[in-house]
Amino acid sequence: MHADLDDLVIALYVTIDELVEPRRGPGCRPRLSDSELVCLAIAQVMLGYDSERRWLRAVRGRLGHLFPYVCGQATYNRRLRRAAPLLVTILRALAIASPSWCDQWRLLDATPVPCGTSRQTVRRSELAGWAGYGYDASHHRFYWGCKLYVLACPDGMPIAWCLATPKLGEREAAEALLDRAARQRILRPGLVILADKGFAGWEFDQLVTELGGRLVRPDRADEPVRFGNLGGVRQWIEAIFDTLKGQLGLERHGAHTIHGVWIRVAQRLAALAAGVWFNWQLDAPVKRSLVAYDH
């Protein structure tokens with residue numbers, strides 16, 4: 001079956017509308033519902049519009065037949081931030097609805113989210129205290145921003161995620177992420193967690209064991225042979241981050257506050273989750289592929 005962005009938006013709208021509770025209280029219903037707002041936000045990153053101003057100018061020509069009313073930029077930005085709890089609910093609902101939720105494997109890794117490129121930006125930014133300087137070993141560069149930790153299924157479906165300052169150790173941030181996922185019953189016993197060698201450590205391994213899982217990671221040079229380098233399966237998580245950065249513009253988020261960074265990262269993760277979820281329904285050969293929806 002051939003599908004395009006229109007099909008994805010319609011299916012996603014129907015699914016989200018069933019999750020949204022009816023509006024209560026005085027006043028008129030908004031002309032743009034929360035379900036339509038989230039669909040617009042996901043379509044924005046699918047089509048590669050990093051600027052909200054440019055997106056709201058172009059949306060009438062591309063999706064005007066599906067959205068008879070589109071609000072202004074200020075209202076769009078404000079309502080999207082208020083819809084943060086709804087995005088969390090949607091991410092979990094799409095993950096549970098996908099067959100990969102029952103998969104035994106989970107992928108754990110982190111990637112930089114740059115938030116500034118000049119010293120003046122660092123001094124004036126409202127992200128002070130949240131962002132920090134870090135080193136991106138994959139690209140041999142320093143950056144200033146946050147670090148995104150993602151727990152995902154092998155097909156690319158994000159299960160849990162968090163943002164942390166690069167000053168915090170990877171194991172400490174990952175421990176907090178896994179502990180919260182276990183308390184929310186997202187991380188169930190019996191799962192195999194595939195991570196990078198940067199998560200090596202007795203305490204972290206012990207935490208995963210206490211949560212009922214098993215940690216699998218590439219061997220370090222100073223320890224006995226256990227799993228090897230795992231180069232083939234490690235490409236799964238690298239492919240997920242490549243989609244987030246390449247097609248969905250993770251590093252071009254353009255946010256200047258921690259709330260803005262959070263909602264724009266969640267917006268891109270929701271777009272990835274929606275693409276994987278819809279590809280399962282279509283029985284697409286590559287579940288992570290978003291090529292059918294980016295034009």
# chains A, B, ... in the order shown; residues from 1 in each chain; ligands from 1
>>> closest_atom_pairs(of="range 122-165 of chain A", to="range 176-198 of chain A", cutoff="9 Å", atoms="only C-alpha atoms", output="Markdown table")
| residue | atom | partner | partner_atom | distance |
| --- | --- | --- | --- | --- |
| A:Tyr149 | CA | A:Leu177 | CA | 7.9 |
| A:Val150 | CA | A:Leu177 | CA | 8.6 |
| A:Leu151 | CA | A:Leu178 | CA | 8.4 |
| A:Ile159 | CA | A:Ile186 | CA | 7.2 |
| A:Ala160 | CA | A:Ala181 | CA | 6.7 |
| A:Trp161 | CA | A:Leu177 | CA | 6.9 |
| A:Cys162 | CA | A:Leu177 | CA | 6.7 |
>>> write_last_selection(atoms="N, CA and C atoms", output="compact mmCIF listing (two decimals), in the first residue's frame")
# COMPACT_ATOMS: atom_id res chain seq x y z
N TYR A 149 19.31 11.43 26.04
CA TYR A 149 19.41 9.99 26.31
C TYR A 149 18.11 9.34 25.84
N VAL A 150 18.24 8.29 25.03
CA VAL A 150 17.08 7.63 24.43
C VAL A 150 17.13 6.14 24.71
N LEU A 151 16.00 5.60 25.14
CA LEU A 151 15.80 4.16 25.24
C LEU A 151 14.79 3.79 24.17
N ILE A 159 11.08 4.70 23.44
CA ILE A 159 10.29 4.23 24.58
C ILE A 159 10.36 5.22 25.73
N ALA A 160 11.57 5.71 26.04
CA ALA A 160 11.78 6.68 27.10
C ALA A 160 12.96 7.56 26.73
N TRP A 161 12.99 8.77 27.26
CA TRP A 161 14.07 9.69 26.94
C TRP A 161 14.18 10.76 28.01
N CYS A 162 15.30 11.43 28.04
CA CYS A 162 15.48 12.55 28.96
C CYS A 162 16.61 13.44 28.44
>>> residues_around(residues="range 278-280 of chain A", least_positions_apart="6", cutoff="10 Å", atoms="only C-alpha atoms", output="PDB file with N, CA and C atoms, in the first residue's frame")
ATOM      1  N   ALA A   3       1.548   5.112   0.797  1.00  0.00           N
ATOM      2  CA  ALA A   3       1.070   6.082   1.780  1.00  0.00           C
ATOM      3  C   ALA A   3       1.880   7.358   1.659  1.00  0.00           C
ATOM      4  N   ASP A   7      -2.001  10.636   4.619  1.00  0.00           N
ATOM      5  CA  ASP A   7      -2.502   9.421   5.261  1.00  0.00           C
ATOM      6  C   ASP A   7      -2.007   9.321   6.706  1.00  0.00           C
ATOM      7  N   LEU A   8      -0.739   9.660   6.918  1.00  0.00           N
ATOM      8  CA  LEU A   8      -0.185   9.611   8.267  1.00  0.00           C
ATOM      9  C   LEU A   8      -0.884  10.602   9.184  1.00  0.00           C
ATOM     10  N   VAL A   9      -1.099  11.819   8.711  1.00  0.00           N
ATOM     11  CA  VAL A   9      -1.729  12.849   9.542  1.00  0.00           C
ATOM     12  C   VAL A   9      -3.159  12.450   9.895  1.00  0.00           C
ATOM     13  N   ALA A  11      -4.504   9.356  10.039  1.00  0.00           N
ATOM     14  CA  ALA A  11      -4.483   8.236  10.986  1.00  0.00           C
ATOM     15  C   ALA A  11      -4.038   8.696  12.363  1.00  0.00           C
ATOM     16  N   LEU A  12      -3.064   9.592  12.405  1.00  0.00           N
ATOM     17  CA  LEU A  12      -2.579  10.088  13.686  1.00  0.00           C
ATOM     18  C   LEU A  12      -3.631  10.943  14.380  1.00  0.00           C
ATOM     19  N   LEU A  94       1.706   5.308  21.143  1.00  0.00           N
ATOM     20  CA  LEU A  94       2.208   4.797  19.872  1.00  0.00           C
ATOM     21  C   LEU A  94       3.185   3.646  20.091  1.00  0.00           C
ATOM     22  N   ALA A  97       1.229   0.532  21.010  1.00  0.00           N
ATOM     23  CA  ALA A  97       0.440   0.033  19.878  1.00  0.00           C
ATOM     24  C   ALA A  97       1.298  -0.638  18.812  1.00  0.00           C
ATOM     25  N   SER A  98       2.615  -0.522  18.906  1.00  0.00           N
ATOM     26  CA  SER A  98       3.506  -1.120  17.907  1.00  0.00           C
ATOM     27  C   SER A  98       3.963  -2.503  18.365  1.00  0.00           C
ATOM     28  N   PRO A  99       4.085  -3.452  17.442  1.00  0.00           N
ATOM     29  CA  PRO A  99       4.535  -4.803  17.814  1.00  0.00           C
ATOM     30  C   PRO A  99       5.902  -4.831  18.476  1.00  0.00           C
ATOM     31  N   SER A 100       6.750  -3.842  18.201  1.00  0.00           N
ATOM     32  CA  SER A 100       8.094  -3.845  18.791  1.00  0.00           C
ATOM     33  C   SER A 100       8.067  -3.625  20.296  1.00  0.00           C
ATOM     34  N   ASP A 155      13.478  -1.208  16.120  1.00  0.00           N
ATOM     35  CA  ASP A 155      12.890  -0.634  14.907  1.00  0.00           C
ATOM     36  C   ASP A 155      12.933   0.888  14.900  1.00  0.00           C
ATOM     37  N   VAL A 286      11.054  -1.262   5.983  1.00  0.00           N
ATOM     38  CA  VAL A 286      11.927  -0.552   6.922  1.00  0.00           C
ATOM     39  C   VAL A 286      11.042   0.336   7.786  1.00  0.00           C
ATOM     40  N   LYS A 287      10.892  -0.026   9.036  1.00  0.00           N
ATOM     41  CA  LYS A 287       9.935   0.668   9.908  1.00  0.00           C
ATOM     42  C   LYS A 287      10.387   2.073  10.255  1.00  0.00           C
ATOM     43  N   ARG A 288      11.686   2.340  10.233  1.00  0.00           N
ATOM     44  CA  ARG A 288      12.200   3.650  10.622  1.00  0.00           C
ATOM     45  C   ARG A 288      12.203   4.635   9.450  1.00  0.00           C
ATOM     46  N   SER A 289      11.922   4.190   8.254  1.00  0.00           N
ATOM     47  CA  SER A 289      12.006   5.056   7.083  1.00  0.00           C
ATOM     48  C   SER A 289      10.895   6.101   7.080  1.00  0.00           C
ATOM     49  N   LEU A 290      11.269   7.370   6.846  1.00  0.00           N
ATOM     50  CA  LEU A 290      10.308   8.466   6.784  1.00  0.00           C
ATOM     51  C   LEU A 290      10.264   9.107   5.396  1.00  0.00           C
ATOM     52  N   ALA A 292       8.612   8.430   2.761  1.00  0.00           N
ATOM     53  CA  ALA A 292       7.276   8.606   2.173  1.00  0.00           C
ATOM     54  C   ALA A 292       6.542   9.809   2.733  1.00  0.00           C
TER      55      ALA A 292
END
>>> residues_around(residues="Leu230 in chain A", least_positions_apart="5", cutoff="9 Å", atoms="only C-alpha atoms", output="list of chain:residue names")
A:Arg217, A:Pro218, A:Asp219, A:Gln235
>>> write_last_selection(atoms="N, CA and C atoms", output="mmCIF file, in the first residue's frame")
data_model
loop_
_atom_site.group_PDB
_atom_site.id
_atom_site.type_symbol
_atom_site.label_atom_id
_atom_site.label_comp_id
_atom_site.auth_asym_id
_atom_site.auth_seq_id
_atom_site.Cartn_x
_atom_site.Cartn_y
_atom_site.Cartn_z
ATOM 1 N N ARG A 217 26.933 -4.833 26.126
ATOM 2 C CA ARG A 217 27.705 -3.707 25.588
ATOM 3 C C ARG A 217 28.998 -4.218 24.977
ATOM 4 N N PRO A 218 29.630 -3.417 24.107
ATOM 5 C CA PRO A 218 30.921 -3.838 23.539
ATOM 6 C C PRO A 218 31.976 -3.996 24.635
ATOM 7 N N ASP A 219 32.884 -4.904 24.429
ATOM 8 C CA ASP A 219 33.954 -5.134 25.405
ATOM 9 C C ASP A 219 34.976 -4.005 25.357
ATOM 10 N N GLN A 235 24.866 -0.356 15.108
ATOM 11 C CA GLN A 235 24.416 0.541 14.057
ATOM 12 C C GLN A 235 22.930 0.848 14.160
#
>>> atom_distance(atom1="CA of Ala270 in chain A", atom2="CA of Leu207 in chain A")
28.2 Å
>>> closest_residue(among="A:Gly232, A:Gly156, A:Gly201, A:Gly145", to="Ala274 in chain A", atoms="only C-alpha atoms")
A:Gly156
>>> residues_around(residues="range 85-90 of chain A", least_positions_apart="6", cutoff="8 Å", atoms="only C-alpha atoms", output="PyMOL selection string")
chain A and resi 16+19-20+38+266-267+270
>>> atom_distance(atom1="CA of Glu18 in chain A", atom2="CA of Pro30 in chain A")
17.4 Å
>>> closest_residue(among="A:Glu251, A:Glu210, A:Glu175, A:Asp50", to="Thr111 in chain A", atoms="only C-alpha atoms")
A:Glu251
>>> residues_around(residues="Glu126 in chain A", least_positions_apart="5", cutoff="8 Å", atoms="only C-alpha atoms", output="list in words")
His256, Thr257 and Ile258 of chain A
>>> residues_around(residues="Glu170 in chain A", least_positions_apart="2", cutoff="10 Å", atoms="only C-alpha atoms", output="number ranges by chain")
A: 109-110, 147, 149, 164-168, 172-175, 198-200
>>> residues_around(residues="Gly254 in chain A", least_positions_apart="3", cutoff="9 Å", atoms="only C-alpha atoms", output="PyMOL selection string")
chain A and resi 50-51+115+251+260-261+264
>>> select_by_dssp(residues="range 13-75 of chain A", states="alpha helix (DSSP H)", output="PyMOL selection string")
chain A and resi 13-19+34-46+52-63+73-75
>>> closest_residue(among="A:Trp55, A:Phe227, A:Tyr133, A:Tyr49", to="Gln73 in chain A", atoms="only C-alpha atoms")
A:Trp55
>>> select_by_dssp(residues="range 74-284 of chain A", states="strand (DSSP E)", output="ChimeraX atom specification")
/A:105-116,132-136,141-152,158-164,192-194,214-216
>>> closest_residue(among="A:Pro285, A:Pro26, A:Gly61, A:Gly249", to="Val265 in chain A", atoms="only C-alpha atoms")
A:Gly249
